[in-house]
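Shown here: query.txt, compact mmCIF, C-alpha atoms.
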# COMPACT_ATOMS: atom_id res chain seq x y z
CA MET A 1 0.00 0.00 0.00
CA ALA A 2 1.34 3.44 -0.88
CA ARG A 3 2.40 5.57 2.05
CA THR A 4 0.24 8.71 2.36
CA GLY A 5 1.83 10.38 5.38
CA ARG A 6 4.69 12.81 5.48
CA PRO A 7 8.04 11.58 4.20
CA ARG A 8 10.49 10.54 6.88
CA GLY A 9 12.51 13.49 8.10
CA PHE A 10 9.89 16.05 7.03
CA ASP A 11 11.33 19.44 7.96
CA ARG A 12 8.45 21.87 8.34
CA ASP A 13 10.66 24.92 8.69
CA ARG A 14 12.56 24.12 5.52
CA ALA A 15 9.32 23.31 3.72
CA VAL A 16 7.90 26.74 4.54
CA THR A 17 11.07 28.43 3.27
CA GLN A 18 10.94 26.44 0.03
CA ALA A 19 7.27 27.33 -0.42
CA MET A 20 8.08 30.98 0.26
CA HIS A 21 10.60 30.97 -2.57
CA LEU A 22 8.07 29.35 -4.88
CA PHE A 23 5.35 31.91 -4.13
CA TRP A 24 7.92 34.71 -4.35
CA GLU A 25 9.05 33.56 -7.78
CA HIS A 26 5.73 32.62 -9.37
CA GLY A 27 3.04 34.40 -7.34
CA PHE A 28 0.13 33.02 -5.33
CA GLU A 29 -1.93 31.93 -8.32
CA GLY A 30 1.09 30.80 -10.34
CA VAL A 31 1.87 28.00 -7.89
CA SER A 32 -0.06 24.73 -7.86
CA LEU A 33 -0.61 22.34 -4.98
CA ASP A 34 1.46 19.73 -6.82
CA GLN A 35 4.39 22.15 -7.11
CA LEU A 36 4.15 22.95 -3.42
CA ARG A 37 4.04 19.29 -2.44
CA ARG A 38 7.06 18.49 -4.59
CA VAL A 39 9.18 21.36 -3.28
CA MET A 40 8.24 20.37 0.26
CA GLY A 41 9.76 16.95 -0.18
CA GLY A 42 6.97 15.06 -1.87
CA ILE A 43 4.38 15.12 0.91
CA SER A 44 0.91 13.78 0.17
CA SER A 45 -2.15 15.99 -0.24
CA ALA A 46 -3.50 14.68 3.06
CA SER A 47 -0.28 15.59 4.84
CA PHE A 48 -0.20 18.99 3.19
CA TYR A 49 -3.67 19.89 4.44
CA ALA A 50 -2.95 18.42 7.86
CA ALA A 51 0.21 20.51 8.20
CA PHE A 52 -0.90 23.78 6.59
CA GLY A 53 -4.69 23.77 6.25
CA SER A 54 -4.87 25.23 2.76
CA LYS A 55 -2.79 26.81 0.02
CA GLU A 56 -3.84 30.28 1.19
CA ALA A 57 -2.99 29.51 4.81
CA LEU A 58 0.46 28.38 3.67
CA TYR A 59 0.83 31.51 1.56
CA ARG A 60 0.03 33.66 4.58
CA GLU A 61 2.59 31.76 6.63
CA THR A 62 5.25 32.16 3.97
CA LEU A 63 4.51 35.87 3.70
CA GLY A 64 4.97 36.11 7.46
CA ARG A 65 8.30 34.32 7.09
CA TYR A 66 9.32 36.78 4.38
CA LEU A 67 8.38 39.80 6.50
CA ASP A 68 10.29 38.40 9.49
CA THR A 69 13.43 37.84 7.42
CA HIS A 70 13.98 39.58 4.08
CA GLY A 71 11.23 42.12 4.72
CA THR A 72 12.96 43.54 7.79
CA VAL A 73 14.88 45.85 5.47
CA MET A 74 11.84 48.13 5.75
CA ASP A 75 11.82 48.23 9.57
CA VAL A 76 14.20 51.19 9.60
CA LEU A 77 11.36 53.35 8.25
CA ARG A 78 9.82 53.18 11.72
CA ASN A 79 13.02 53.93 13.66
CA ASP A 80 12.26 57.30 15.25
CA ASP A 81 15.82 57.51 16.60
CA LEU A 82 17.04 58.30 13.08
CA PRO A 83 16.38 61.49 11.09
CA PRO A 84 13.48 61.04 8.63
CA ARG A 85 15.62 61.35 5.51
CA GLU A 86 18.11 58.76 6.80
CA ARG A 87 15.29 56.35 7.63
CA LEU A 88 13.92 56.63 4.13
CA GLU A 89 17.30 56.39 2.42
CA ARG A 90 18.34 53.31 4.38
CA ALA A 91 15.04 51.57 3.68
CA LEU A 92 15.27 52.20 -0.06
CA ARG A 93 18.92 51.21 -0.40
CA GLN A 94 18.54 48.13 1.78
CA SER A 95 15.46 47.07 -0.15
CA ALA A 96 17.25 47.48 -3.47
CA ALA A 97 20.17 45.39 -2.22
CA MET A 98 17.93 42.64 -0.84
CA GLN A 99 15.83 42.46 -3.99
CA THR A 100 18.87 41.86 -6.21
CA GLU A 101 20.50 39.15 -4.08
CA THR A 102 21.01 35.84 -5.86
CA ALA A 103 20.31 33.53 -2.90
CA HIS A 104 16.56 33.89 -3.39
CA PRO A 105 14.08 35.11 -6.05
CA THR A 106 14.58 38.71 -7.11
CA GLY A 107 12.16 41.53 -6.45
CA CYS A 108 9.84 41.92 -3.47
CA MET A 109 7.39 39.19 -2.47
CA VAL A 110 4.96 41.77 -1.08
CA ALA A 111 4.94 43.70 -4.34
CA LEU A 112 4.96 40.82 -6.83
CA SER A 113 3.34 37.68 -5.43
CA ALA A 114 -0.31 38.75 -5.32
CA MET A 115 -0.60 42.08 -7.10
CA ILE A 116 -3.06 40.71 -9.68
CA CYS A 117 -5.37 37.83 -8.77
CA SER A 118 -8.67 36.35 -9.83
CA ASP A 119 -11.65 36.49 -7.48
CA GLY A 120 -10.44 33.27 -5.89
CA GLY A 121 -7.21 34.95 -4.84
CA ALA A 122 -8.77 38.14 -3.50
CA SER A 123 -8.17 37.18 0.14
CA ALA A 124 -4.48 36.53 -0.44
CA GLN A 125 -4.25 39.73 -2.45
CA SER A 126 -5.67 41.72 0.45
CA VAL A 127 -2.82 40.54 2.69
CA THR A 128 -0.10 41.97 0.46
CA ALA A 129 -2.18 45.09 -0.16
CA SER A 130 -2.28 45.76 3.57
CA GLU A 131 1.49 45.35 3.81
CA ARG A 132 2.01 47.79 0.95
CA ALA A 133 -0.33 50.22 2.70
CA ALA A 134 1.74 49.91 5.87
CA ASN A 135 4.90 50.84 3.95
CA ARG A 136 3.05 53.68 2.23
CA ASN A 137 1.97 55.07 5.58
CA ALA A 138 5.48 54.72 7.01
CA ILE A 139 6.96 56.64 4.08
CA ARG A 140 4.31 59.32 4.47
CA ALA A 141 5.12 59.51 8.19
CA CYS A 142 8.81 60.08 7.39
CA VAL A 143 7.97 62.98 5.11
CA GLN A 144 5.50 64.46 7.57
CA ALA A 145 7.99 64.14 10.43
CA ALA A 146 10.53 66.12 8.42
CA ILE A 147 7.95 68.83 7.75
CA ASP A 148 6.95 68.94 11.40
CA GLU A 149 10.54 69.21 12.62
CA GLY A 150 11.29 71.95 10.08
CA SER A 151 13.86 70.19 7.90
CA LEU A 152 11.41 70.21 4.98
CA ARG A 153 9.51 73.35 4.02
CA ASP A 154 5.96 73.77 5.30
CA GLU A 155 4.59 73.92 1.77
CA THR A 156 6.10 70.53 0.85
CA SER A 157 3.45 68.14 -0.48
CA ALA A 158 3.72 65.24 1.95
CA ALA A 159 1.35 63.15 -0.16
CA GLY A 160 3.18 63.87 -3.40
CA LEU A 161 6.68 63.27 -2.05
CA ALA A 162 5.58 60.08 -0.30
CA ALA A 163 3.93 58.81 -3.49
CA LEU A 164 7.17 59.45 -5.38
CA PHE A 165 9.19 57.32 -3.00
CA GLU A 166 6.58 54.59 -2.77
CA GLY A 167 6.51 54.49 -6.57
CA LEU A 168 10.27 54.05 -6.56
CA LEU A 169 10.04 51.30 -3.94
CA LEU A 170 7.50 49.35 -6.00
CA GLY A 171 9.39 50.00 -9.21
CA LEU A 172 12.54 48.50 -7.73
CA SER A 173 10.73 45.15 -7.66
CA ILE A 174 10.00 45.17 -11.37
CA GLN A 175 13.49 46.30 -12.28
CA ALA A 176 15.15 43.77 -9.97
CA ARG A 177 13.03 40.99 -11.49
CA ASP A 178 14.07 42.20 -14.94
CA GLY A 179 17.73 41.90 -13.97
CA VAL A 180 18.64 45.54 -13.45
CA ARG A 181 21.79 45.60 -11.36
CA ILE A 182 22.09 46.97 -7.85
CA GLY A 183 24.40 49.80 -8.95
CA GLU A 184 21.71 51.24 -11.20
CA LEU A 185 19.00 50.83 -8.57
CA ASP A 186 21.19 52.46 -5.96
CA ALA A 187 21.80 55.36 -8.35
CA ALA A 188 18.04 55.69 -8.82
CA VAL A 189 17.63 56.06 -5.06
CA THR A 190 20.24 58.83 -5.08
CA GLN A 191 18.40 60.66 -7.86
CA ALA A 192 15.04 60.31 -6.13
CA LEU A 193 16.45 61.72 -2.91
CA ASN A 194 17.25 64.89 -4.84
CA ALA A 195 13.51 65.55 -4.76
CA TRP A 196 13.63 65.44 -0.96
CA ASP A 197 16.64 67.74 -0.88
CA ALA A 198 14.91 70.20 -3.21
CA ASN A 199 12.26 70.65 -0.52
CA GLN A 200 14.68 71.14 2.35
CA VAL A 201 14.73 74.33 4.33
CA ALA A 202 17.76 76.34 3.24
CA ALA A 203 20.53 76.54 5.82
CA ASP A 204 21.14 79.97 7.29
CA THR A 205 24.08 81.72 5.68
CA PRO A 206 26.50 83.73 7.81

This structure in structure tokens:
Amino acid sequence: MARTGRPRGFDRDRAVTQAMHLFWEHGFEGVSLDQLRRVMGGISSASFYAAFGSKEALYRETLGRYLDTHGTVMDVLRNDDLPPRERLERALRQSAAMQTETAHPTGCMVALSAMICSDGGASAQSVTASERAANRNAIRACVQAAIDEGSLRDETSAAGLAALFEGLLLGLSIQARDGVRIGELDAAVTQALNAWDANQVAADTP
């Protein structure tokens, strides 16, 4: 009789990491249950559902793994001990570096894995949408903090400047996936920060 349980030596932690890479590379709807089972060591359907509940539940778990590991590059956005411009610059440069590493799929899992889904993937899509909203709000908070502290002019458009940097952040994912090198992405961050500097309050001259 064929064995239907988990293979001997099933490593759940490794299986989640492998599934994360698969979702990251191909997206939520681009990955089948058979692909997941194979990458997890050939577990049966029964074992898959017993261990993870559903494909969407596994996707949510892998997204959590991503945010707790690779996604921590964005945590600096919320570090109030750093000046707002430095928080933003570090987040963008760290994200660009992470997204072009060769040890895992390129781009950002939050940006790429569930951007476009059918009705059946709407729930998974909402998870990544909420994460993008959190980054959007953190970028906006950086800009607003700089206005409030007086390093950016009062008339600076917080919404417009934040949208510019969020657009760059999302665009990095597409470019990284297309093979654009880190040097070019890092240069793009430098150019975008010129927009911040253009809104800075001029230093007093002696």

Where does range 56-152 of chain A meet range 192-196 of chain A within 8 Å, residue by residue, with the nearest atom pair and distance in Å to one decimal for each, counting only C-alpha atoms, listed by chain and rising number, as a tab-separated table?
residue	atom	partner	partner_atom	distance
A:Arg85	CA	A:Trp196	CA	7.9
A:Glu89	CA	A:Leu193	CA	7.6
A:Leu152	CA	A:Trp196	CA	7.9

Rounded to one decimal, what separation in Å do you get between CA of Thr102 in chain A and CA of Gly171 in chain A? 18.6 Å

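Distances from A:Ala111, A:Leu92, A:Val31, A:Ala50 to Leu185 in chain A were compared using only C-alpha atoms, and the smallest one belongs to A:Leu92.
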
Using all atoms listed in the file, determine which residues lie at most 9 Å from Val110 in chain A, disregarding the query and same-chain residues fewer than 5 positions distant; provide the list as an MDAnalysis selection string. chainID A and resid 24 63 66:67 71 115 127:129 131:132

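Ranking A:Ser151, A:Ser54, A:Thr62, A:Thr100 by their shortest atom-to-atom distance to Phe23 in chain A, with all atoms listed in the file included, puts A:Thr62 first.
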
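Using only C-alpha atoms for every distance, the candidate list A:Asp34, A:Glu166, A:Asp178, A:Asp81 yields A:Asp81 as the residue closest to Ala145 in chain A.
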
Write out as a PyMOL selection string which residues come within 7 Å of Cys108 in chain A when counting only C-alpha atoms, dropping same-chain ones fewer than 4 positions away. chain A and resi 99+112+173

Residues near Leu88 in chain A, anyone? I mean within 9 Å using only C-alpha atoms, not counting same-chain ones fewer than 3 positions away, as a PyMOL selection string. chain A and resi 74+76-77+83-85+91-93+139+142-143+165

Nearest residue to Leu22 in chain A from the set A:Ser95, A:Ser113, A:Asn199, A:Ser45 (distances using all atoms listed in the file): A:Ser113

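Comparing A:Lys55, A:Ile174, A:Leu168, A:Val73 by their smallest distance to Thr190 in chain A, the closest is A:Leu168 (using only C-alpha atoms).
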
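For the pair CA of Val189 in chain A and CA of Arg90 in chain A, the separation is 9.9 Å.
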